[in-house]
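Trainee: Enclosed is the structure file entry_26.tsv (TSV, C-alpha atoms).
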```
chain	number	residue	atom	x	y	z
A	1	MET	CA	137.91	224.41	-124.21
A	2	PRO	CA	137.78	220.70	-123.28
A	3	ASP	CA	140.71	219.06	-121.53
A	4	ARG	CA	142.84	216.73	-123.59
A	5	PRO	CA	145.38	214.08	-122.51
A	6	PHE	CA	148.50	215.79	-121.20
A	7	THR	CA	152.07	214.69	-120.63
A	8	VAL	CA	155.35	216.53	-120.23
A	9	TYR	CA	158.26	216.03	-122.61
A	10	PRO	CA	160.64	218.27	-124.62
A	11	LEU	CA	158.28	220.27	-126.83
A	12	ARG	CA	159.30	221.33	-130.32
A	13	PHE	CA	157.12	223.88	-132.12
A	14	LYS	CA	156.38	224.48	-135.76
A	15	GLU	CA	158.48	227.35	-137.10
A	16	ILE	CA	156.79	230.65	-137.90
A	17	TYR	CA	158.70	231.99	-140.91
A	18	LYS	CA	158.90	235.71	-141.62
A	19	ASP	CA	159.92	236.94	-145.06
A	20	LYS	CA	161.72	240.28	-144.82
A	21	ILE	CA	162.92	242.92	-147.26
A	22	TRP	CA	166.41	242.24	-145.87
A	23	GLY	CA	166.05	238.43	-145.78
A	24	GLY	CA	167.90	235.81	-147.80
A	25	PRO	CA	168.65	232.09	-148.15
A	26	GLU	CA	170.81	231.72	-145.03
A	27	LEU	CA	168.22	230.18	-142.71
A	28	ALA	CA	167.71	227.31	-145.11
A	29	LYS	CA	171.41	226.90	-145.93
A	30	VAL	CA	172.98	227.50	-142.52
A	31	VAL	CA	170.35	226.44	-139.99
A	32	GLY	CA	168.59	223.76	-142.02
A	33	LYS	CA	165.20	225.48	-142.11
A	34	LYS	CA	163.88	223.70	-145.20
A	35	GLY	CA	160.57	225.58	-145.14
A	36	ALA	CA	162.25	229.00	-145.28
A	37	SER	CA	161.96	230.97	-148.51
A	38	LYS	CA	164.83	232.71	-150.30
A	39	LYS	CA	163.75	235.98	-148.66
A	40	CYS	CA	163.21	234.62	-145.14
A	41	GLY	CA	164.64	236.83	-142.44
A	42	GLU	CA	163.32	235.21	-139.27
A	43	SER	CA	162.24	231.84	-137.96
A	44	TRP	CA	160.21	232.27	-134.79
A	45	GLU	CA	160.92	229.18	-132.71
A	46	ILE	CA	158.78	229.86	-129.64
A	47	ALA	CA	156.27	232.70	-129.64
A	48	GLN	CA	153.01	233.57	-127.95
A	49	ARG	CA	151.76	236.65	-129.71
A	50	GLU	CA	148.41	237.51	-131.21
A	51	GLY	CA	148.34	236.00	-134.70
A	52	ASN	CA	151.74	234.38	-134.16
A	53	THR	CA	151.37	231.67	-131.55
A	54	SER	CA	153.54	228.57	-131.70
A	55	VAL	CA	151.95	225.16	-132.26
A	56	VAL	CA	153.50	221.92	-131.01
A	57	ALA	CA	155.10	219.91	-133.83
A	58	ASN	CA	156.10	216.70	-132.01
A	59	GLY	CA	154.78	213.99	-129.73
A	60	PRO	CA	151.39	213.43	-128.04
A	61	LEU	CA	150.65	217.16	-127.82
A	62	LYS	CA	151.19	217.77	-131.54
A	63	GLY	CA	148.70	220.39	-132.72
A	64	TRP	CA	148.32	222.07	-129.33
A	65	SER	CA	148.98	225.80	-129.39
A	66	LEU	CA	151.08	227.49	-126.75
A	67	ASP	CA	147.90	229.35	-125.80
A	68	GLU	CA	146.17	226.05	-125.02
A	69	LEU	CA	149.14	224.65	-123.13
A	70	LEU	CA	149.42	227.65	-120.85
A	71	GLU	CA	145.66	227.97	-120.39
A	72	GLN	CA	145.23	224.38	-119.26
A	73	HIS	CA	148.63	223.37	-117.89
A	74	ARG	CA	150.57	226.46	-116.83
A	75	LYS	CA	152.31	224.99	-113.79
A	76	PRO	CA	153.75	221.84	-115.41
A	77	ILE	CA	155.07	223.97	-118.30
A	78	LEU	CA	156.27	227.18	-116.64
A	79	GLY	CA	156.76	225.99	-113.06
A	80	ASP	CA	154.90	227.00	-109.91
A	81	GLU	CA	156.62	230.36	-109.48
A	82	GLN	CA	156.72	231.52	-113.09
A	83	SER	CA	153.15	230.42	-113.78
A	84	MET	CA	152.11	233.10	-111.31
A	85	ARG	CA	154.64	235.72	-112.50
A	86	PHE	CA	153.86	235.70	-116.21
A	87	ARG	CA	150.54	236.20	-117.96
A	88	ARG	CA	152.02	234.81	-121.18
A	89	PHE	CA	155.24	233.11	-122.23
A	90	PRO	CA	157.89	235.69	-121.29
A	91	LEU	CA	160.39	235.08	-124.12
A	92	LEU	CA	160.40	235.22	-127.89
A	93	VAL	CA	163.08	232.94	-129.36
A	94	LYS	CA	164.02	233.19	-133.02
A	95	PHE	CA	166.72	232.61	-135.61
A	96	LEU	CA	167.50	235.70	-137.67
A	97	ALA	CA	169.50	236.02	-140.91
A	98	ALA	CA	170.47	239.50	-142.09
A	99	HIS	CA	171.31	239.02	-145.76
A	100	ASP	CA	170.89	242.75	-146.33
A	101	LYS	CA	170.73	245.55	-143.76
A	102	LEU	CA	168.18	245.45	-141.01
A	103	SER	CA	166.61	248.85	-140.55
A	104	LEU	CA	168.53	251.05	-138.13
A	105	GLN	CA	166.34	250.56	-135.09
A	106	VAL	CA	165.98	250.86	-131.35
A	107	HIS	CA	163.63	249.38	-128.74
A	108	PRO	CA	161.94	251.07	-125.78
A	109	SER	CA	162.21	250.15	-122.11
A	110	ASP	CA	159.29	248.72	-120.15
A	111	ASP	CA	158.77	252.11	-118.55
A	112	TYR	CA	158.48	253.94	-121.88
A	113	ALA	CA	156.28	251.22	-123.41
A	114	GLN	CA	153.94	251.29	-120.43
A	115	ARG	CA	153.42	255.01	-120.96
A	116	TYR	CA	153.19	255.17	-124.75
A	117	GLU	CA	152.44	251.73	-126.22
A	118	ALA	CA	149.23	249.70	-125.93
A	119	GLU	CA	151.09	246.46	-125.22
A	120	GLY	CA	153.11	248.06	-122.45
A	121	VAL	CA	156.16	245.82	-122.78
A	122	GLY	CA	159.63	246.99	-123.78
A	123	LYS	CA	162.23	244.93	-125.57
A	124	MET	CA	165.57	243.69	-124.26
A	125	GLU	CA	167.37	241.20	-126.49
A	126	ALA	CA	170.65	239.39	-127.13
A	127	TRP	CA	172.18	237.91	-130.28
A	128	TYR	CA	174.38	234.82	-130.36
A	129	VAL	CA	176.26	234.68	-133.66
A	130	ILE	CA	176.20	231.23	-135.29
A	131	HIS	CA	177.35	232.13	-138.82
A	132	ALA	CA	179.48	235.09	-139.86
A	133	PRO	CA	180.94	235.35	-143.38
A	134	LYS	CA	183.72	237.87	-143.86
A	135	GLU	CA	181.22	240.52	-144.99
A	136	ALA	CA	179.16	240.17	-141.78
A	137	ARG	CA	178.77	243.30	-139.69
A	138	VAL	CA	176.76	244.33	-136.65
A	139	ILE	CA	175.93	247.93	-135.79
A	140	ARG	CA	175.64	248.55	-132.07
A	141	GLY	CA	175.36	252.06	-130.71
A	142	VAL	CA	177.02	255.26	-131.83
A	143	LEU	CA	180.69	256.22	-131.91
A	144	PRO	CA	182.01	257.80	-128.70
A	145	GLY	CA	181.60	261.56	-128.65
A	146	THR	CA	178.65	261.61	-131.05
A	147	THR	CA	176.17	264.27	-129.95
A	148	VAL	CA	172.44	264.13	-130.44
A	149	ALA	CA	172.61	267.15	-132.74
A	150	GLU	CA	175.31	265.54	-134.90
A	151	PHE	CA	173.36	262.32	-135.12
A	152	LYS	CA	170.16	264.11	-136.17
A	153	ASP	CA	172.05	266.06	-138.81
A	154	HIS	CA	173.64	262.95	-140.32
A	155	LEU	CA	170.32	261.10	-140.17
A	156	LYS	CA	168.65	263.92	-142.10
A	157	LYS	CA	171.45	264.01	-144.71
A	158	GLY	CA	171.52	260.23	-145.19
A	159	SER	CA	175.05	259.90	-143.82
A	160	VAL	CA	174.19	258.41	-140.43
A	161	GLU	CA	176.66	255.53	-140.83
A	162	GLN	CA	179.44	258.03	-140.06
A	163	CYS	CA	178.10	258.11	-136.48
A	164	LEU	CA	177.66	254.38	-135.92
A	165	ASN	CA	179.72	251.71	-134.15
A	166	VAL	CA	180.11	249.14	-136.95
A	167	MET	CA	181.74	245.89	-135.83
A	168	ASP	CA	183.17	242.80	-137.44
A	169	VAL	CA	181.69	239.68	-135.85
A	170	LYS	CA	182.55	236.01	-135.67
A	171	GLU	CA	180.82	232.84	-134.56
A	172	GLN	CA	180.08	232.67	-130.82
A	173	ASP	CA	180.13	236.44	-130.36
A	174	VAL	CA	177.41	237.67	-128.00
A	175	ILE	CA	175.79	241.03	-128.73
A	176	PHE	CA	173.66	242.41	-125.89
A	177	ILE	CA	171.06	244.96	-126.95
A	178	PRO	CA	169.29	246.58	-123.99
A	179	PRO	CA	166.49	249.08	-124.60
A	180	GLY	CA	167.76	252.36	-126.01
A	181	THR	CA	170.61	250.80	-128.01
A	182	ILE	CA	170.65	251.61	-131.74
A	183	HIS	CA	171.41	248.48	-133.76
A	184	SER	CA	171.40	246.74	-137.13
A	185	ALA	CA	173.16	243.86	-138.91
A	186	TYR	CA	174.01	242.80	-142.44
A	187	GLY	CA	176.34	240.79	-144.65
A	188	GLY	CA	174.75	237.37	-144.23
A	189	VAL	CA	175.20	237.14	-140.46
A	190	VAL	CA	172.97	234.53	-138.79
A	191	PHE	CA	172.24	234.57	-135.09
A	192	LEU	CA	169.97	233.21	-132.42
A	193	GLU	CA	167.95	236.00	-130.85
A	194	VAL	CA	166.44	235.73	-127.38
A	195	GLN	CA	164.28	238.63	-126.28
A	196	GLN	CA	161.41	239.80	-124.16
A	197	ASN	CA	158.05	238.82	-125.61
A	198	SER	CA	157.56	242.10	-127.43
A	199	ASP	CA	157.56	243.24	-131.04
A	200	CYS	CA	158.03	246.94	-130.31
A	201	THR	CA	160.61	248.39	-132.69
A	202	TYR	CA	161.24	252.02	-133.69
A	203	ARG	CA	162.96	252.55	-137.04
A	204	LEU	CA	165.33	255.48	-137.54
A	205	THR	CA	166.02	254.70	-141.20
A	206	ASP	CA	165.39	251.87	-143.62
A	207	TRP	CA	168.29	252.94	-145.83
A	208	GLY	CA	165.98	254.38	-148.51
A	209	ARG	CA	164.47	251.00	-149.45
A	210	THR	CA	161.05	250.35	-150.91
A	211	ASP	CA	159.17	247.09	-151.38
A	212	ALA	CA	158.08	245.49	-154.67
A	213	LYS	CA	155.22	247.99	-154.86
A	214	GLY	CA	157.53	250.97	-154.35
A	215	LYS	CA	156.30	251.52	-150.80
A	216	ALA	CA	158.67	252.41	-147.97
A	217	ARG	CA	158.28	250.90	-144.52
A	218	PRO	CA	157.16	253.42	-141.88
A	219	LEU	CA	159.74	255.14	-139.70
A	220	ASP	CA	159.43	256.11	-136.03
A	221	VAL	CA	162.13	258.75	-135.76
A	222	GLU	CA	160.58	260.83	-132.98
A	223	LYS	CA	159.94	257.86	-130.70
A	224	ALA	CA	163.33	256.38	-131.56
A	225	MET	CA	165.12	259.59	-130.60
A	226	ASN	CA	163.12	259.75	-127.37
A	227	VAL	CA	164.33	256.33	-126.22
A	228	THR	CA	167.88	256.20	-127.64
A	229	ASP	CA	170.71	256.19	-125.13
A	230	PHE	CA	173.60	258.08	-126.73
A	231	TYR	CA	175.94	258.01	-123.75
A	232	SER	CA	176.06	254.62	-121.97
A	233	MET	CA	176.13	251.90	-124.60
A	234	GLY	CA	178.07	249.39	-122.50
A	235	VAL	CA	180.18	246.50	-123.83
A	236	SER	CA	179.93	245.99	-127.59
A	237	LYS	CA	180.64	242.23	-127.60
A	238	TYR	CA	180.70	239.61	-124.87
A	239	LYS	CA	182.84	236.48	-124.85
A	240	PRO	CA	181.30	233.26	-123.50
A	241	ALA	CA	182.68	232.52	-120.01
A	242	ARG	CA	183.26	228.99	-118.71
A	243	ILE	CA	180.96	227.89	-115.87
A	244	PRO	CA	182.83	225.50	-113.54
A	245	GLY	CA	181.40	222.40	-111.91
A	246	PHE	CA	180.00	220.52	-114.90
A	247	PRO	CA	181.31	217.26	-116.44
A	248	TYR	CA	181.13	218.95	-119.83
A	249	ARG	CA	181.83	222.44	-121.21
A	250	ARG	CA	179.15	224.88	-120.10
A	251	LYS	CA	179.46	228.61	-120.73
A	252	LEU	CA	177.58	231.75	-119.72
A	253	LEU	CA	176.66	233.93	-122.69
A	254	ILE	CA	174.67	236.70	-121.02
A	255	LYS	CA	172.84	237.28	-117.77
A	256	CYS	CA	170.53	240.27	-117.76
A	257	GLU	CA	167.41	241.51	-116.07
A	258	LYS	CA	165.00	239.65	-118.38
A	259	PHE	CA	166.75	236.36	-119.20
A	260	THR	CA	169.91	234.28	-119.03
A	261	MET	CA	171.64	232.47	-121.91
A	262	GLU	CA	174.16	229.66	-121.53
A	263	THR	CA	175.61	227.00	-123.83
A	264	ILE	CA	176.17	223.28	-123.40
A	265	GLU	CA	179.04	221.99	-125.54
A	266	MET	CA	179.40	218.21	-125.88
A	267	GLY	CA	181.27	215.57	-127.79
A	268	ARG	CA	179.93	212.06	-128.32
A	269	GLN	CA	178.53	211.65	-124.82
A	270	THR	CA	175.47	211.69	-122.59
A	271	VAL	CA	174.97	214.29	-119.84
A	272	THR	CA	172.34	214.45	-117.12
A	273	GLU	CA	170.37	217.61	-116.47
A	274	LYS	CA	168.42	218.28	-113.28
A	275	PRO	CA	166.02	221.12	-114.12
A	276	HIS	CA	164.91	223.73	-111.64
A	277	PRO	CA	161.35	222.67	-110.68
A	278	GLN	CA	160.20	226.28	-110.52
A	279	ARG	CA	161.08	227.31	-114.08
A	280	PHE	CA	161.12	226.21	-117.70
A	281	VAL	CA	164.19	226.26	-119.94
A	282	VAL	CA	164.49	226.58	-123.71
A	283	HIS	CA	167.07	224.55	-125.64
A	284	THR	CA	168.16	225.62	-129.12
A	285	ALA	CA	170.62	223.35	-130.92
A	286	VAL	CA	173.11	225.34	-132.99
A	287	ALA	CA	175.36	222.38	-133.82
A	288	GLY	CA	175.14	218.59	-133.80
A	289	SER	CA	172.34	216.12	-133.11
A	290	GLY	CA	171.18	213.61	-130.52
A	291	LYS	CA	168.28	212.64	-128.27
A	292	TYR	CA	166.66	213.55	-124.99
A	293	PHE	CA	165.91	210.64	-122.64
A	294	PHE	CA	163.34	211.23	-119.89
A	295	GLY	CA	160.40	209.76	-117.99
A	296	GLU	CA	160.33	206.61	-115.89
A	297	LYS	CA	163.79	205.02	-116.05
A	298	LYS	CA	164.44	207.45	-118.93
A	299	LYS	CA	162.89	205.09	-121.44
A	300	ASP	CA	161.16	207.85	-123.42
A	301	SER	CA	163.11	209.82	-126.01
A	302	VAL	CA	162.82	212.85	-128.31
A	303	PRO	CA	165.36	213.49	-131.08
A	304	TRP	CA	167.04	216.86	-131.65
A	305	LYS	CA	169.29	218.28	-134.34
A	306	LYS	CA	170.88	221.57	-135.38
A	307	GLY	CA	168.18	224.20	-135.85
A	308	ASP	CA	165.72	222.61	-133.42
A	309	THR	CA	164.35	224.48	-130.41
A	310	HIS	CA	162.69	222.61	-127.54
A	311	LEU	CA	160.79	223.93	-124.56
A	312	ILE	CA	161.79	221.84	-121.54
A	313	PRO	CA	158.82	221.93	-119.13
A	314	ALA	CA	159.54	222.75	-115.50
A	315	LYS	CA	158.03	219.46	-114.33
A	316	LEU	CA	159.90	217.19	-116.73
A	317	GLY	CA	162.18	215.93	-113.98
A	318	GLU	CA	165.73	214.68	-114.45
A	319	TYR	CA	166.61	213.95	-118.07
A	320	ASP	CA	169.61	213.00	-120.19
A	321	ILE	CA	170.94	214.70	-123.29
A	322	GLN	CA	172.68	212.34	-125.66
A	323	SER	CA	174.95	213.85	-128.31
A	324	ASN	CA	176.03	211.98	-131.44
A	325	GLY	CA	179.19	214.07	-131.80
A	326	ALA	CA	180.40	217.67	-131.53
A	327	SER	CA	177.28	219.57	-130.47
A	328	GLU	CA	176.21	222.87	-128.96
A	329	ILE	CA	172.89	223.72	-127.34
A	330	VAL	CA	171.97	227.24	-126.23
A	331	VAL	CA	170.00	227.21	-122.97
A	332	SER	CA	167.71	230.20	-122.31
A	333	TYR	CA	165.67	230.82	-119.20
A	334	VAL	CA	164.17	233.46	-116.90
A	335	GLU	CA	165.26	233.55	-113.28
```
Take the structure in this file and express it as structure tokens.

Mentor:
Amino acid sequence: MPDRPFTVYPLRFKEIYKDKIWGGPELAKVVGKKGASKKCGESWEIAQREGNTSVVANGPLKGWSLDELLEQHRKPILGDEQSMRFRRFPLLVKFLAAHDKLSLQVHPSDDYAQRYEAEGVGKMEAWYVIHAPKEARVIRGVLPGTTVAEFKDHLKKGSVEQCLNVMDVKEQDVIFIPPGTIHSAYGGVVFLEVQQNSDCTYRLTDWGRTDAKGKARPLDVEKAMNVTDFYSMGVSKYKPARIPGFPYRRKLLIKCEKFTMETIEMGRQTVTEKPHPQRFVVHTAVAGSGKYFFGEKKKDSVPWKKGDTHLIPAKLGEYDIQSNGASEIVVSYVE
């Protein structure tokens, strides 16, 4: 593959839309994803997976795939340390809208996936709620005291909801879903999902649904039961916690083994960011609009708005974020 001119700047990628049996119009209405259909369930913002690799949508590198970027310019993008740690981009970042019920599902750990799945990567993820109508619900784990035998019996009878921890949610709730945690969502809830770069999901039930051709999606009950943790589900919802020392409101959403999520909340102002030279960061705007200013004397700029996700290369150097008004950007990275 021949080299092509390369420069670092905030990279926005073309969305990869996924229509789902449970999808709806929320991604277009709430997030501004104009290309999303009325049955769209997911918008993959940054992905490097076979058949689903992101392609740059802005600037001089427009048309480059993430495969090409990391093949030719790993260190400027990922940073010196992470370019050696990761064979491929370690995160999958997406918007998800659950108009109807997601299947009741669970993800395996790295250890289980390495033993039983070809890809060998488990799935740890977190949801940041950005839209929650009154009907919105999230299922996370089982009710305390539920035994494996009881759960299996209810699953077989079609009454499994009696065993599940069903929660109301509101905007800015953080739902952490480590491997082994049963989960689902419905009622028009929209959230930003940050996860390991894995698509390994085991379905326990799809609520009896069939597609337009009358075909049901496959279930993975045996594997799901093998990996489900019935006894240590942890905290159901996290509240963002203020991080001191910044001239603006910055909050920690979640810090886990595979990634960290924070938010930058701004008014009409400009803030300066000094990135860690050893690692990339991902910015996803969930409110507002503005511009990035970077490069020599910060004369170069890239616009951003609600619904945009940008990969901030490790070697970008100091840059400014200008906000036109009340704005919120979710910052995701791997330590």

Trainee: Do you know which residues are at most 7 Å from stretch 32-44 of chain A counting all atoms listed in the file, after dropping those on the same chain fewer than 5 positions away, and could you put them as a list in words?

Mentor: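 Selected residues are Glu15, Ile16, Tyr17, Lys18, Asp19, Lys20, Trp22, Gly23, Gly24, Pro25, Leu27, Val93, Lys94, Phe95, Leu96, Ala97, Ala98 and Gly307 of chain A.
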
Trainee: Go ahead and save the residues from that selection, with C-alpha atoms, as a PDB file, in the coordinates of the input.

Mentor:
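Once written, out38.pdb looks like this:
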```
ATOM      1  CA  GLU A  15     158.480 227.350-137.100  1.00  0.00           C
ATOM      2  CA  ILE A  16     156.790 230.650-137.900  1.00  0.00           C
ATOM      3  CA  TYR A  17     158.700 231.990-140.910  1.00  0.00           C
ATOM      4  CA  LYS A  18     158.900 235.710-141.620  1.00  0.00           C
ATOM      5  CA  ASP A  19     159.920 236.940-145.060  1.00  0.00           C
ATOM      6  CA  LYS A  20     161.720 240.280-144.820  1.00  0.00           C
ATOM      7  CA  TRP A  22     166.410 242.240-145.870  1.00  0.00           C
ATOM      8  CA  GLY A  23     166.050 238.430-145.780  1.00  0.00           C
ATOM      9  CA  GLY A  24     167.900 235.810-147.800  1.00  0.00           C
ATOM     10  CA  PRO A  25     168.650 232.090-148.150  1.00  0.00           C
ATOM     11  CA  LEU A  27     168.220 230.180-142.710  1.00  0.00           C
ATOM     12  CA  VAL A  93     163.080 232.940-129.360  1.00  0.00           C
ATOM     13  CA  LYS A  94     164.020 233.190-133.020  1.00  0.00           C
ATOM     14  CA  PHE A  95     166.720 232.610-135.610  1.00  0.00           C
ATOM     15  CA  LEU A  96     167.500 235.700-137.670  1.00  0.00           C
ATOM     16  CA  ALA A  97     169.500 236.020-140.910  1.00  0.00           C
ATOM     17  CA  ALA A  98     170.470 239.500-142.090  1.00  0.00           C
ATOM     18  CA  GLY A 307     168.180 224.200-135.850  1.00  0.00           C
TER      19      GLY A 307
END
```

Trainee: Between A:Thr146, A:Gln195, A:Ser159, A:Thr181, single out the one closest to A:Lys258, counting all atoms listed in the file.

Mentor: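 Checking each candidate against A:Lys258, we get A:Gln195 as the closest.
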
Trainee: So which residues touch A:Val330 within 9 Å, counting only C-alpha atoms, skipping near sequence neighbours fewer than 2 positions away, as a list in words?

Mentor: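 The neighbour list is Tyr128, Leu192, Leu253, Met261, Glu262, Thr263, Ile264, Glu265, Val282, His283, Thr284, Ala285, Val286, Glu328 and Ser332 of chain A.
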
Trainee: Quick one: residues within 8 Å of stretch 50-67 of chain A, all atoms listed in the file counted, chain neighbours fewer than 4 positions away excluded, as JSON, numbers by chain?

Mentor: {"A": [6, 7, 11, 12, 13, 14, 15, 16, 45, 46, 71]}

Trainee: Just checking: using only C-alpha atoms, which residue out of A:Ile177, A:Leu252, A:Ala118, A:Leu104 ends up closest to A:Glu161?

Mentor: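 Of A:Ile177, A:Leu252, A:Ala118, A:Leu104, the one nearest A:Glu161 is A:Leu104, counting only C-alpha atoms.
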
Trainee: Could I get the residues of stretch 188-294 of chain A with an atom no further than 7 Å from an atom of stretch 313-316 of chain A, each paired with its nearest atom pair and that distance in Å to one decimal, using only C-alpha atoms, sorted by chain and residue number, as CSV?

Mentor:
```
residue,atom,partner,partner_atom,distance
A:Pro275,CA,A:Ala314,CA,6.8
A:His276,CA,A:Ala314,CA,6.7
A:Pro277,CA,A:Ala314,CA,5.1
A:Gln278,CA,A:Ala314,CA,6.1
A:Arg279,CA,A:Ala314,CA,5.0
A:Phe280,CA,A:Ala314,CA,4.4
A:Val281,CA,A:Pro313,CA,6.9
```

Trainee: Could you check which of A:Pro10, A:Pro247, A:Gly180, A:Pro240 is closest to A:Val142, using only C-alpha atoms?

Mentor: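 Of all the options, A:Gly180 lies closest to A:Val142.
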
Trainee: Enter the distance from atom CA of A:Arg74 to atom CA of A:Gln114, in Å, rounded to one decimal.

Mentor: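 A separation of 25.3 Å between them.
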